[in-house]
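Engineer: Here it is, the structure in full.
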Amino acid sequence: MIPHLLSASDLDRDTATLVLDTAQGMASAMTGREVRKLPTLRGRTVVNLFFEDSTRTRVSFEAAAKRLSADVVTFSAKGSSVSKGESLKDTALTLQAMGADAVVVRHSASGAPHRLTGWLNGSVINAGDGTHEHPTQALLDAYTIRQRMGRFDGLRVTIVGDVLHSRVARSNVALLTTFGARVTLVAPPTLLPVGVSAWPVEVSYDLDSVLPDTDVVMMLRVQRERMGDSFFPSAREYSRRYGLDVTRMGRLPEESIVMHPGPMIRGMEIAADVADSERSVIVDQVTNGVLVRMAVLYLMLSGEKGTML
Amino acid sequence: MADAAHDQVGEVRPDRQILSPSDISRVIDRIAHQILEKTRGATDTVLLGIPTRGVPLATRLAERIATFEGLTIPHGALDVTLYRDDLRIRGARALGPTDVPAAGVDGRRVILVDDVLYSGRTVRAALNALYDLGRPSQVQLAVLVDRGHRQLPIRADYVGKNIPTAASETVSVLLSEHDGVDAVRLSGGAT
């Protein structure tokens with residue numbers, strides 16, 4: 001029973017499976033329809049509170065809420081009273097007064113969604129906070145993996161790139177290990193967080209040696225906006241050691257898949273030919289993102305607060 | 001949909017079996033014949049079962065119609081959970097399968113199939129779900145058991161058995177596909 005979705009580690013295996021199964025049910029309910037809209041959350045209000053730019057996550061949540069007939073209010077910090085100096089708390093109290101049933105929040109500060117839960121009656125869904133977590137991304141990645149591979153137990157997942165700044169990596173490590181997958185992180189030493197040795201993962205600095213034992217390779221975006229230039233010598237060198245090109249993809253076992261949370265920097269972390277190859281499930285990830293977010297909204301907003309999740 | 005248990009007052013009566021496996025099989029045969037008769041051969045007809053137990057009932061009806069007339073009727077499942085009006089009160093429910101035959105529902109006669117007809121709210125949700133899928137020429141309703149206590153102006157076209165019940169009683173439909181046994185039982189209610 002969780003009233004909010006703040007972290008992928010809040011989800012035990014049963015709850016996470018329930019979310020994936022519900023997303024699958026959403027897919028089956030949405031196929032072959034004349035009307036691509038369900039009346040499930042009619043009269044409920046979902047506020048998208050985005051303090052950081054993120055077109056794809058915002059649009060994905062918006063599409064999910066609208067397909068379930070919720071009213072969607074988008075509140076982006078730029079041009080709002082936040083840029084005039086309004087505090088997070090006052091913004092929260094305003095939303096509370098407007099009767100938001102759920103608040104989807106993206107914030108550059110890790111822990112901001114957690115702070116919001118103290119000020120709001122509605123459910124808070126973390127849509128990415130700083131370098132901390134992005135649980136719905138992990139859920140949609142898990143959904144995509146289950147769709148293509150059919151299992152998690154013993155599955156070998158390699159997460160490559162800027163783990164240090166990646167909330168996607170953190171949430172995925174938590175969720176995938178909950179599901180029983182084996183996770184390996186591959187990154188330059190400078191882009192691994194302190195204390196990574198305590199994580200339930202293996203760590204490697206050599207992508208080529210890991211690829212032959214990989215079922216799923218998850219490329220991360222190099223977050224230039226969160227770092228100076230001091231983490232690796234040059235984009236070219238990073239690309240040569242940690243980028244996924246066609247030759248490297250050839251080292252993967254035949255059935256394995258390639259993932260990327262987007263937005264991609266083609267040519268740097270992933271080659272265009274790889275991103276567009278048959279192994280790439282990047283487009284599926286986007287489609288599944290809407291289904292998984294529909295499932296989360298449905299489970300969190302039906303009934304009294306937090307009756308299902 | 002199976003009914004929820006209600007609060008009991010006084011002594012609880014023991015479970016009573018209303019339909020045995022052979023009764024259920026006869027009832028399904030009869031409904032299959034009635035469908036053929038009422039629809040004059042069941043052409044352009046689609047059977048859609050409402051999960052959970054409406055789905056195997058729809059499959060069985062299609063099989064019986066195939067046996068009697070050598071006619072293959074498309075059949076599938078229509079989950080109505082996302083259309084229910086009690087989600088706010090009773091919370092999220094697990095979703096069932098939706099599987100509409102490839103031919104779709106446009107211009108066809110759709111027969112909704114469920115195990116128990118009670119308040120009529122599930123059927124109301126099914127009608128809304130159906131009209132988001134397309135525009136059937138006609139919609140009919142077949143149920144194994146009608147236990148009364150309607151809250152909406154809905155009646156079934158084909159009824160396996162009318163069972164007069166008290167609101168405090170529970171009707172359980174068991175089907176071998178889900179429960180390993182075929183039976184309809186009535187439980188609860190004061191003596």
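Chain labels follow the order of the structure tokens: the first chain is A, the next B, and so on; residue numbering restarts at 1 in every chain, and ligands are counted from 1 in their shown order.
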How close does each residue of chain B get to chain A, giving the shortest atom pair and distance in Å to one decimal for every residue with an atom at most 10 Å away, counting only C-alpha atoms, sorted by chain and residue number, as CSV?
Structural biologist:
residue,atom,partner,partner_atom,distance
B:Leu78,CA,A:Ala29,CA,8.4
B:Asp79,CA,A:Ala29,CA,7.5
B:Val80,CA,A:Ala29,CA,9.0
B:Thr81,CA,A:Thr40,CA,8.5
B:Leu82,CA,A:Thr40,CA,5.1
B:Tyr83,CA,A:Thr40,CA,5.8
B:Arg84,CA,A:Thr40,CA,7.4
B:Asp85,CA,A:Thr40,CA,8.2
B:Asp86,CA,A:Gly303,CA,8.1
B:Leu87,CA,A:Ser302,CA,5.3
B:Arg88,CA,A:Gly303,CA,3.9
B:Ile89,CA,A:Gly303,CA,4.9
B:Arg90,CA,A:Gly303,CA,5.4
B:Gly91,CA,A:Gly303,CA,3.5
B:Ala92,CA,A:Ser302,CA,5.0
B:Arg93,CA,A:Met308,CA,8.0
B:Ala94,CA,A:Thr22,CA,6.9
B:Leu95,CA,A:Gly25,CA,5.7
B:Gly96,CA,A:Gly25,CA,6.8
B:Pro97,CA,A:Gly25,CA,6.5
B:Thr98,CA,A:Ser28,CA,5.7
B:Asp99,CA,A:Ser28,CA,7.2
B:Val100,CA,A:Gly32,CA,7.9
B:Pro101,CA,A:Gly32,CA,9.7
B:Ala102,CA,A:Gly32,CA,8.6
B:Gly104,CA,A:Gly32,CA,8.0
B:Asn128,CA,A:Pro39,CA,9.2
B:Ala129,CA,A:Leu38,CA,8.4
B:Leu130,CA,A:Arg33,CA,9.4
B:Tyr131,CA,A:Val35,CA,8.6
B:Asp132,CA,A:Val35,CA,5.1
B:Leu133,CA,A:Arg33,CA,4.6
B:Gly134,CA,A:Glu34,CA,5.8
B:Arg135,CA,A:Glu34,CA,9.1
Engineer: Using DSSP on the backbone coordinates, identify all residues within segment 62-138 of chain B classified as strand (DSSP E); present the result as a PyMOL selection string.
Structural biologist: chain B and resi 75-77+109-117+138
Engineer: Of the candidates B:Leu186, B:Ile111, B:Val173, B:Ala142, which shows the shortest atom-to-atom distance to Arg13 of chain B, using only C-alpha atoms?
Structural biologist: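 The closest residue to Arg13 of chain B is B:Leu186.
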Engineer: Taking 5 positions as the minimum chain separation for residues in the same chain, which residues sit within 10 Å of Ala64 of chain A when counting only C-alpha atoms? Answer as a PyMOL selection string.
Structural biologist: chain A and resi 37+58-59+69-70+72+289-298
Engineer: At what distance in Å, to one decimal, does atom CA of Met218 of chain A lie from atom CA of Met268 of chain A?
Structural biologist: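 Between atom CA of Met268 of chain A and atom CA of Met218 of chain A the gap works out to 14.5 Å.
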Engineer: For the helix (DSSP H, G or I) assignment from backbone DSSP, which residues of segment 103-159 of chain A qualify? Please present them as a PyMOL selection string.
Structural biologist: chain A and resi 112-117+135-149
Engineer: With C-alpha atoms kept, could you save the residues just selected as a compact mmCIF listing (two decimals), in the first residue's frame?
Structural biologist:
# COMPACT_ATOMS: atom_id res chain seq x y z
CA ALA A 112 11.42 17.63 -3.93
CA PRO A 113 8.52 15.18 -4.62
CA HIS A 114 8.99 13.75 -1.14
CA ARG A 115 8.68 17.25 0.37
CA LEU A 116 5.45 17.80 -1.59
CA THR A 117 3.76 14.80 0.00
CA PRO A 135 10.24 5.39 -11.20
CA THR A 136 7.78 5.47 -14.11
CA GLN A 137 10.72 5.31 -16.54
CA ALA A 138 11.93 2.16 -14.78
CA LEU A 139 8.42 0.71 -14.95
CA LEU A 140 8.10 1.39 -18.67
CA ASP A 141 11.56 -0.07 -19.26
CA ALA A 142 10.59 -3.18 -17.28
CA TYR A 143 7.34 -3.44 -19.25
CA THR A 144 9.28 -3.22 -22.53
CA ILE A 145 11.77 -5.86 -21.36
CA ARG A 146 8.97 -8.22 -20.30
CA GLN A 147 7.19 -7.64 -23.61
CA ARG A 148 10.28 -8.57 -25.65
CA MET A 149 12.08 -11.09 -23.44
Engineer: Neighbouring residues of Gly128 of chain A were defined as those with any atom within 8 Å, considering only C-alpha atoms; residues of the same chain fewer than 3 positions away were excluded. Please report them as an NGL selection string.
Structural biologist: :A and (105-108 or 131-135 or 167)
